[in-house]
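Novice: Quick one: structure below, then a few questions.
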Amino acid sequence: MIERSITVELETGLQARPAAQFVQQANRFTSDIFIEKDEKRVNAKSIMGLMSLAIGTGEDIKLIADGTDEEEALKELTDYVQE
Amino acid sequence: MSKVRTEDLLEQFQLELVAGEGGVHREIHTSDISRPGVEMTGYFKFYPKERLQLLGKTEMSYFNELTKEQRQERAQRLCTDVTPGIVITRGMDIPEELRDAAQEAGVPLMLSPFKTTRVISRLTNFLETKFAPFTAIHGVLVDIYGIGVLITGQSGVGKSETALELVKRGHRLVADDSVEIRQEDYDTLIGNSPPLIEHLLEIRGLGIINVMTLFGAGAVRSYKRITLVINLELWEKNKQYDRLGLEEETMKIMDVEVPQATIPVRPGRNLAVIIEVAAMNFRLKRMGVNAAEEFSERLTKVIDQDQQNS
């Protein structure tokens, strides 16, 4: 299991459409992926959970991945929210 | 977890703020309430100053019997810079010394018209709820025949679809995808939806739907005690699933062990009906009717008889 604290740089934050895209990306990996904000942890593969966090730009979140492709998953998802 | 401040109490319990307006933003850190009776005699060694203080009839009448100097001194020691507030019950008259000390230290002095025991239990309930341990779990919470059933399982296994079918059959949705759970007492788990996604359900291919506007107010509820966990997983050929229902699996959420059943998912299995029956069967078991156990006893008896006869 690996985890990484990152700052969201995506200009709009994770609004509905970017959130859906994020979840779609997360679903390409077999690892379990979680996202944590303010000690609330949700499954990054589920759109409702992710949207319930209402993540805006400039906010600090933690990505957690556990599985065979965890490295790759974290890298791609980090790139996505920091582009 | 949200912070609790003295001003929340003012709002919640319609307390009258008598003095110490400066301190209404003070944070309350514990659900314990202190009745500083011994402190009033001058013994402040173990004074729990960070707690909410409550003065009832006993404390107040004792306080009023003290000399003016004593009253001043004790009042000042009661009103520390971390005390979140002092509540006086029964709408009693407030001694001038206490009012002055509270005003000076900025400790909110609040007056309640109700009896002490009533005020204590209501304040404790409110604070216990606010300070309850909290977690969030990936799953769907549905109220089925009055049983709070938490459906868990991998993403894409069909939790939301099952919930939709259950709602269609007259049950109530509490939360989809992310369930916020707080532990009340040592054995009770209460689940609710994050406010932002309340009443919403996400169905692959349809997107986000609003269960309340689609099915009416009777199809949703805002919170529910969790008593059963149903874990959905893709059917694995070599895995052993429960065939008898004699064993009871549990899942630990915070400090509470919740009964759990694992149900394999395969095309052609109507999950909503299975979960509905699981909930009903669970109720029956709690009422003392256990089909599996009764059958098992019957079987044992028949085998024993056969052996005696031969």
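By convention in this document, the chains of the structure tokens carry letters A, B, ... by their order, each chain's residues are numbered from 1, and ligands are numbered from 1 in the order they are shown.
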With 9 Å as the limit and counting only C-alpha atoms, what residues in chain A lie close to chain B? Please list them as a VMD selection string.
Specialist: chain A and resid 27 38 to 43 45 to 54
Novice: Pick out the residues sitting within 7 Å of Gly56 of chain B, and hand them over as a ChimeraX atom specification; count only C-alpha atoms, and ignore anything fewer than 6 positions along from it in its own chain.
Specialist: /B:88-89,116
Novice: So the first atom is atom CA of Gly288 of chain B and the second is atom CA of Val258 of chain B; what is the distance between them in Å, to one decimal place?
Specialist: 17.9 Å
Novice: If you run DSSP over the backbone, which residues in chain A end up alpha helix (DSSP H)? Put them as a PyMOL selection string.
Specialist: chain A and resi 16-26+47-52+70-82
Novice: Would you list, as a PDB file with N, CA, C and O atoms, in the first residue's frame, the residues of chain A that end up in strand (DSSP E) under DSSP run on this structure's backbone?
Specialist:
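part.pdb written:
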ATOM      1  N   ILE A   2       0.549   2.168  -0.862  1.00  0.00           N
ATOM      2  CA  ILE A   2       1.285   3.436  -0.855  1.00  0.00           C
ATOM      3  C   ILE A   2       0.296   4.583  -0.768  1.00  0.00           C
ATOM      4  O   ILE A   2      -0.864   4.458  -1.176  1.00  0.00           O
ATOM      5  N   GLU A   3       0.762   5.687  -0.213  1.00  0.00           N
ATOM      6  CA  GLU A   3      -0.105   6.858  -0.166  1.00  0.00           C
ATOM      7  C   GLU A   3       0.699   8.114  -0.438  1.00  0.00           C
ATOM      8  O   GLU A   3       1.923   8.143  -0.258  1.00  0.00           O
ATOM      9  N   ARG A   4       0.002   9.133  -0.911  1.00  0.00           N
ATOM     10  CA  ARG A   4       0.688  10.361  -1.271  1.00  0.00           C
ATOM     11  C   ARG A   4      -0.218  11.542  -0.990  1.00  0.00           C
ATOM     12  O   ARG A   4      -1.400  11.523  -1.351  1.00  0.00           O
ATOM     13  N   SER A   5       0.331  12.555  -0.338  1.00  0.00           N
ATOM     14  CA  SER A   5      -0.455  13.776  -0.102  1.00  0.00           C
ATOM     15  C   SER A   5      -0.204  14.737  -1.255  1.00  0.00           C
ATOM     16  O   SER A   5       0.949  14.998  -1.610  1.00  0.00           O
ATOM     17  N   ILE A   6      -1.257  15.236  -1.833  1.00  0.00           N
ATOM     18  CA  ILE A   6      -1.085  16.147  -2.964  1.00  0.00           C
ATOM     19  C   ILE A   6      -2.044  17.330  -2.849  1.00  0.00           C
ATOM     20  O   ILE A   6      -3.022  17.295  -2.104  1.00  0.00           O
ATOM     21  N   THR A   7      -1.728  18.367  -3.601  1.00  0.00           N
ATOM     22  CA  THR A   7      -2.604  19.528  -3.671  1.00  0.00           C
ATOM     23  C   THR A   7      -3.294  19.523  -5.031  1.00  0.00           C
ATOM     24  O   THR A   7      -2.657  19.303  -6.052  1.00  0.00           O
ATOM     25  N   ASP A  32      -7.044  -1.218  -5.202  1.00  0.00           N
ATOM     26  CA  ASP A  32      -8.035  -0.449  -4.461  1.00  0.00           C
ATOM     27  C   ASP A  32      -7.493   0.958  -4.296  1.00  0.00           C
ATOM     28  O   ASP A  32      -6.348   1.133  -3.857  1.00  0.00           O
ATOM     29  N   ILE A  33      -8.294   1.935  -4.647  1.00  0.00           N
ATOM     30  CA  ILE A  33      -7.812   3.310  -4.560  1.00  0.00           C
ATOM     31  C   ILE A  33      -8.757   4.129  -3.690  1.00  0.00           C
ATOM     32  O   ILE A  33      -9.980   4.058  -3.840  1.00  0.00           O
ATOM     33  N   PHE A  34      -8.178   4.870  -2.766  1.00  0.00           N
ATOM     34  CA  PHE A  34      -8.991   5.711  -1.889  1.00  0.00           C
ATOM     35  C   PHE A  34      -8.505   7.146  -1.953  1.00  0.00           C
ATOM     36  O   PHE A  34      -7.356   7.417  -2.301  1.00  0.00           O
ATOM     37  N   ILE A  35      -9.408   8.024  -1.619  1.00  0.00           N
ATOM     38  CA  ILE A  35      -9.059   9.435  -1.600  1.00  0.00           C
ATOM     39  C   ILE A  35      -9.538   9.983  -0.261  1.00  0.00           C
ATOM     40  O   ILE A  35     -10.607   9.620   0.212  1.00  0.00           O
ATOM     41  N   GLU A  36      -8.682  10.797   0.353  1.00  0.00           N
ATOM     42  CA  GLU A  36      -8.993  11.250   1.699  1.00  0.00           C
ATOM     43  C   GLU A  36      -8.898  12.759   1.782  1.00  0.00           C
ATOM     44  O   GLU A  36      -7.954  13.362   1.293  1.00  0.00           O
ATOM     45  N   LYS A  37      -9.926  13.360   2.368  1.00  0.00           N
ATOM     46  CA  LYS A  37      -9.891  14.811   2.614  1.00  0.00           C
ATOM     47  C   LYS A  37     -10.471  15.060   3.995  1.00  0.00           C
ATOM     48  O   LYS A  37     -11.534  14.535   4.318  1.00  0.00           O
ATOM     49  N   LYS A  40     -11.802  12.274   5.972  1.00  0.00           N
ATOM     50  CA  LYS A  40     -12.904  11.490   5.416  1.00  0.00           C
ATOM     51  C   LYS A  40     -12.341  10.716   4.243  1.00  0.00           C
ATOM     52  O   LYS A  40     -11.748  11.292   3.342  1.00  0.00           O
ATOM     53  N   ARG A  41     -12.524   9.398   4.274  1.00  0.00           N
ATOM     54  CA  ARG A  41     -11.955   8.579   3.220  1.00  0.00           C
ATOM     55  C   ARG A  41     -13.055   7.971   2.366  1.00  0.00           C
ATOM     56  O   ARG A  41     -14.010   7.410   2.889  1.00  0.00           O
ATOM     57  N   VAL A  42     -12.939   8.094   1.055  1.00  0.00           N
ATOM     58  CA  VAL A  42     -13.925   7.468   0.169  1.00  0.00           C
ATOM     59  C   VAL A  42     -13.212   6.653  -0.897  1.00  0.00           C
ATOM     60  O   VAL A  42     -12.024   6.827  -1.150  1.00  0.00           O
ATOM     61  N   ASN A  43     -13.955   5.770  -1.522  1.00  0.00           N
ATOM     62  CA  ASN A  43     -13.437   4.957  -2.604  1.00  0.00           C
ATOM     63  C   ASN A  43     -13.322   5.824  -3.853  1.00  0.00           C
ATOM     64  O   ASN A  43     -14.293   6.429  -4.287  1.00  0.00           O
ATOM     65  N   ASP A  60      -5.842  20.241  -0.146  1.00  0.00           N
ATOM     66  CA  ASP A  60      -4.923  19.119   0.052  1.00  0.00           C
ATOM     67  C   ASP A  60      -5.718  17.822   0.222  1.00  0.00           C
ATOM     68  O   ASP A  60      -6.638  17.765   1.021  1.00  0.00           O
ATOM     69  N   ILE A  61      -5.325  16.829  -0.527  1.00  0.00           N
ATOM     70  CA  ILE A  61      -5.975  15.531  -0.394  1.00  0.00           C
ATOM     71  C   ILE A  61      -4.903  14.453  -0.278  1.00  0.00           C
ATOM     72  O   ILE A  61      -3.728  14.714  -0.522  1.00  0.00           O
ATOM     73  N   LYS A  62      -5.340  13.275   0.091  1.00  0.00           N
ATOM     74  CA  LYS A  62      -4.404  12.163   0.165  1.00  0.00           C
ATOM     75  C   LYS A  62      -4.909  11.048  -0.747  1.00  0.00           C
ATOM     76  O   LYS A  62      -6.093  10.711  -0.697  1.00  0.00           O
ATOM     77  N   LEU A  63      -4.015  10.539  -1.594  1.00  0.00           N
ATOM     78  CA  LEU A  63      -4.393   9.403  -2.443  1.00  0.00           C
ATOM     79  C   LEU A  63      -3.761   8.144  -1.861  1.00  0.00           C
ATOM     80  O   LEU A  63      -2.586   8.146  -1.494  1.00  0.00           O
ATOM     81  N   ILE A  64      -4.549   7.088  -1.783  1.00  0.00           N
ATOM     82  CA  ILE A  64      -4.052   5.837  -1.225  1.00  0.00           C
ATOM     83  C   ILE A  64      -4.350   4.734  -2.234  1.00  0.00           C
ATOM     84  O   ILE A  64      -5.489   4.622  -2.704  1.00  0.00           O
ATOM     85  N   ALA A  65      -3.347   3.936  -2.575  1.00  0.00           N
ATOM     86  CA  ALA A  65      -3.579   2.838  -3.503  1.00  0.00           C
ATOM     87  C   ALA A  65      -2.990   1.557  -2.924  1.00  0.00           C
ATOM     88  O   ALA A  65      -1.967   1.581  -2.237  1.00  0.00           O
ATOM     89  N   ASP A  66      -3.657   0.470  -3.199  1.00  0.00           N
ATOM     90  CA  ASP A  66      -3.212  -0.818  -2.687  1.00  0.00           C
ATOM     91  C   ASP A  66      -3.491  -1.881  -3.729  1.00  0.00           C
ATOM     92  O   ASP A  66      -4.642  -2.138  -4.067  1.00  0.00           O
TER      93      ASP A  66
END
Novice: Hey, what's within 12 Å of segment 209-225 of chain B if we count only C-alpha atoms and toss same-chain stuff fewer than 4 positions away? As a VMD selection string, please?
Specialist: (chain A and resid 48) or (chain B and resid 140 to 150 160 to 161 163 to 176 179 to 184 187 to 195 197 to 205 229 258)
Novice: Which residues are close to Glu9 of chain A, i.e. within 6 Å by only C-alpha atoms, leaving aside same-chain residues fewer than 3 positions away? Reply as a list in words.
Specialist: Thr57, Gly58, Val81 and Gln82 of chain A
Novice: Residues of the last selection are to be written out with all heavy atoms, as a compact mmCIF listing (two decimals), in the first residue's frame.
Specialist:
# COMPACT_ATOMS: atom_id res chain seq x y z
N THR A 57 -10.16 23.47 -5.97
CA THR A 57 -8.77 23.66 -6.36
C THR A 57 -7.99 24.24 -5.19
O THR A 57 -8.52 24.99 -4.37
CB THR A 57 -8.69 24.57 -7.61
OG1 THR A 57 -7.32 24.66 -8.00
CG2 THR A 57 -9.21 25.96 -7.32
N GLY A 58 -6.73 23.81 -5.07
CA GLY A 58 -5.89 24.30 -3.98
C GLY A 58 -6.04 23.52 -2.70
O GLY A 58 -5.36 23.79 -1.71
N VAL A 81 -5.01 15.36 -11.40
CA VAL A 81 -5.48 16.49 -10.60
C VAL A 81 -4.47 17.63 -10.54
O VAL A 81 -4.76 18.69 -10.01
CB VAL A 81 -5.85 16.08 -9.15
CG1 VAL A 81 -7.04 15.15 -9.14
CG2 VAL A 81 -4.67 15.46 -8.45
N GLN A 82 -3.29 17.39 -11.09
CA GLN A 82 -2.29 18.46 -11.03
C GLN A 82 -2.01 19.06 -12.40
O GLN A 82 -1.11 19.89 -12.53
CB GLN A 82 -0.99 17.93 -10.41
CG GLN A 82 -1.19 17.53 -8.96
CD GLN A 82 0.09 17.41 -8.20
OE1 GLN A 82 1.08 16.95 -8.75
NE2 GLN A 82 0.07 17.79 -6.94
